[in-house]
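S.K.: Sharing a structure below in structure tokens format, with a few things to ask.
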Amino acid sequence: YYLMPLIFLCMPLMMVSMMPNIELDLGNAMVPVCGAALLLRELVQGNMDTAFRYAVPVIGVTLFCCYLSIRWATAQFNDESVLFRESEKWNFQLWIKHIYRYRKSLPTAAAAVGFGVLLLSIRFAVMFSAGLPEQWSSFASKQSITMILSIGLPPILFALWLSRDWRQTLKLNLPGKNSLALLVLAALIPLLLQPLMVYVQTFIQWLYPVNAVSGAGLEQITVMFEQASWWSALFVMAVLPAVCEELAFRGFMLSGLQTESKPWSSIFITAAFFGLAHGMLQQSLNAFLVGILIGYLVVRTNSLWVGVVYHFVHNGFTVLLTYIGTPKGDGDTSLTDSPIGFLFESTDESGDMYKPVVSVIAILIAIICIGLFHKLSVVNDEPEQLVLDSSHN
């Protein structure tokens, strides 16, 4: 019952190693199960040089997965609801009525994970069901409708169905005291971390190069992007994702996971689903890292608006950089000749990049801002104890 989902997760990763075009490299060595299967294939084929070259990352990732598996198994054996689970016949209609009638203030962790799986299924079905439009107007309308119906609307409906307090489930409250300062810091931190994220994205694309099909799709989106006005691009690429994706992942899903999991476990699981929702591997890895930081800020304040502000600034600044840059004549833009060109330098391999000095200073200030955010925010580390204390007083 509990291992079957893991089998369904591991089987595709094992089957990847049987594909003829998949080779053992540093990127594939970092993929759980797949890296180990590829390493075994190289050993069977006698390619000892390749096997020994990537043995360390494969073994490291495998040991880390083993550690997580042992922690998960320990948690299952310490849970009485797992050890003494009733084996009565399951009825879908009765189950639907039961979860609505006996719903709690916040959704359960199982509801959160189920919601995440359903959201990814809907997201992938929509992504692969229709082709990419050729005009920006068609792309903008399709993207807006898809974002609202498949990402923004489901968490609201699920919060009304599976929880008694939908506002608290979606974390639709201000950060509390120091709200203005926390919201300002939430907008400042992504700006300061922008150089780091650019370098991380460059490293990810070096580790996992974009294939020809995905590259052609990105080029088509870039061409359409040039047809758009800055305000429409900002709305489609920044405003809608900031609101809809935060409602889904840092709203409903994070609230459900927090009821039964530790804060950091909830943050990492939510970030993993957030990354998978982006579809493309390179974007998924980058979104996973961003999701961890946004999840941390939301957990510290118990406010969705902190995540919305961070998400909007992170996406919006990337959009604005496209319009700030000056055309180079080959379809690309140059930031070195723009009003903020003093922050950038031109490189042959990666194009315009933030200067190392600028990056170091921005990252150091960002760390200070994160520490200040941590100090100003109030987190509910022991909710049960706080409730008991308030009732006693």
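Following the order of the structure tokens, chains are lettered A, B, ..., residues in each are numbered from 1, and ligands are numbered from 1.
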Quick one: residues within 12 Å of Gly60 of chain A, only C-alpha atoms, excluding same-chain residues fewer than 3 positions away - as an MDAnalysis selection string?

M.R.: chainID A and resid 29:33 35:36 54:57 63:67

S.K.: Mind dumping the selected residues with N, CA and C atoms as a PDB file, in the first residue's frame?

M.R.:
```pdb
ATOM      1  N   ALA A  29      24.176  11.668 -13.431  1.00  0.00           N
ATOM      2  CA  ALA A  29      24.659  11.048 -12.201  1.00  0.00           C
ATOM      3  C   ALA A  29      23.982  11.626 -10.968  1.00  0.00           C
ATOM      4  N   MET A  30      23.445  12.844 -11.077  1.00  0.00           N
ATOM      5  CA  MET A  30      22.775  13.488  -9.940  1.00  0.00           C
ATOM      6  C   MET A  30      21.311  13.106  -9.830  1.00  0.00           C
ATOM      7  N   VAL A  31      20.801  12.312 -10.779  1.00  0.00           N
ATOM      8  CA  VAL A  31      19.395  11.899 -10.753  1.00  0.00           C
ATOM      9  C   VAL A  31      19.273  10.599  -9.958  1.00  0.00           C
ATOM     10  N   PRO A  32      18.447  10.554  -8.905  1.00  0.00           N
ATOM     11  CA  PRO A  32      18.302   9.320  -8.126  1.00  0.00           C
ATOM     12  C   PRO A  32      17.829   8.157  -8.991  1.00  0.00           C
ATOM     13  N   VAL A  33      18.267   6.970  -8.680  1.00  0.00           N
ATOM     14  CA  VAL A  33      17.922   5.715  -9.337  1.00  0.00           C
ATOM     15  C   VAL A  33      18.481   5.677 -10.764  1.00  0.00           C
ATOM     16  N   GLY A  35      20.869   7.506 -12.105  1.00  0.00           N
ATOM     17  CA  GLY A  35      22.325   7.521 -12.072  1.00  0.00           C
ATOM     18  C   GLY A  35      22.910   6.180 -11.687  1.00  0.00           C
ATOM     19  N   ALA A  36      22.299   5.516 -10.706  1.00  0.00           N
ATOM     20  CA  ALA A  36      22.788   4.201 -10.294  1.00  0.00           C
ATOM     21  C   ALA A  36      22.611   3.171 -11.404  1.00  0.00           C
ATOM     22  N   TYR A  54      32.302   9.007 -12.544  1.00  0.00           N
ATOM     23  CA  TYR A  54      31.045   9.498 -11.972  1.00  0.00           C
ATOM     24  C   TYR A  54      30.558   8.638 -10.818  1.00  0.00           C
ATOM     25  N   ALA A  55      31.388   7.784 -10.279  1.00  0.00           N
ATOM     26  CA  ALA A  55      30.959   6.908  -9.187  1.00  0.00           C
ATOM     27  C   ALA A  55      30.667   7.700  -7.918  1.00  0.00           C
ATOM     28  N   VAL A  56      31.492   8.714  -7.636  1.00  0.00           N
ATOM     29  CA  VAL A  56      31.324   9.477  -6.393  1.00  0.00           C
ATOM     30  C   VAL A  56      29.972  10.193  -6.347  1.00  0.00           C
ATOM     31  N   PRO A  57      29.576  10.986  -7.374  1.00  0.00           N
ATOM     32  CA  PRO A  57      28.253  11.625  -7.285  1.00  0.00           C
ATOM     33  C   PRO A  57      27.100  10.635  -7.258  1.00  0.00           C
ATOM     34  N   LEU A  63      23.257   7.339  -1.413  1.00  0.00           N
ATOM     35  CA  LEU A  63      23.295   7.298   0.050  1.00  0.00           C
ATOM     36  C   LEU A  63      22.339   8.321   0.660  1.00  0.00           C
ATOM     37  N   PHE A  64      22.236   9.491   0.040  1.00  0.00           N
ATOM     38  CA  PHE A  64      21.308  10.499   0.542  1.00  0.00           C
ATOM     39  C   PHE A  64      19.864  10.023   0.410  1.00  0.00           C
ATOM     40  N   CYS A  65      19.534   9.384  -0.712  1.00  0.00           N
ATOM     41  CA  CYS A  65      18.186   8.827  -0.886  1.00  0.00           C
ATOM     42  C   CYS A  65      17.924   7.711   0.117  1.00  0.00           C
ATOM     43  N   CYS A  66      18.937   6.904   0.401  1.00  0.00           N
ATOM     44  CA  CYS A  66      18.785   5.855   1.415  1.00  0.00           C
ATOM     45  C   CYS A  66      18.510   6.465   2.784  1.00  0.00           C
ATOM     46  N   TYR A  67      19.200   7.552   3.089  1.00  0.00           N
ATOM     47  CA  TYR A  67      18.976   8.237   4.366  1.00  0.00           C
ATOM     48  C   TYR A  67      17.537   8.746   4.469  1.00  0.00           C
TER      49      TYR A  67
END
```

S.K.: Taking 3 positions as the minimum chain separation for residues in the same chain, which residues sit within 10 Å of segment 12-16 of chain A when counting only C-alpha atoms? Answer as a list in words.

M.R.: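 Residues near the query, excluding close chain neighbours: Ile7, Phe8, Leu9, Met19, Pro20, Asn21, Ile22, Glu23, Asn28, Val31, Pro32, Val33, Cys34, Gly35, Ala36, Ala37 and Leu38 of chain A.
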
S.K.: Give the answer as one residue: which of A:Gly46, A:Gly27, A:Gly279, A:Pro5 has the shortest atom-to-atom distance to Met127 of chain A, using only C-alpha atoms?

M.R.: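 That would be A:Gly279, the residue with the smallest distance to Met127 of chain A.
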
S.K.: Can you work out the spacing between atom CA of Leu188 of chain A and atom CA of Leu297 of chain A in Å, to one decimal?

M.R.: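 So the answer is 12.8 Å.
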
S.K.: Going by DSSP on the backbone, which residues of segment 165-309 of chain A come out as alpha helix (DSSP H)? List them as a PyMOL selection string.

M.R.: chain A and resi 166-169+179-192+194-207+212-225+230-234+240-245+254-258+263-276+281-301+304-309

S.K.: Can you tell me how far atom CA of Ser303 of chain A sits from atom CA of Leu118 of chain A, in Å to one decimal?

M.R.: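 It comes out at 24.3 Å.
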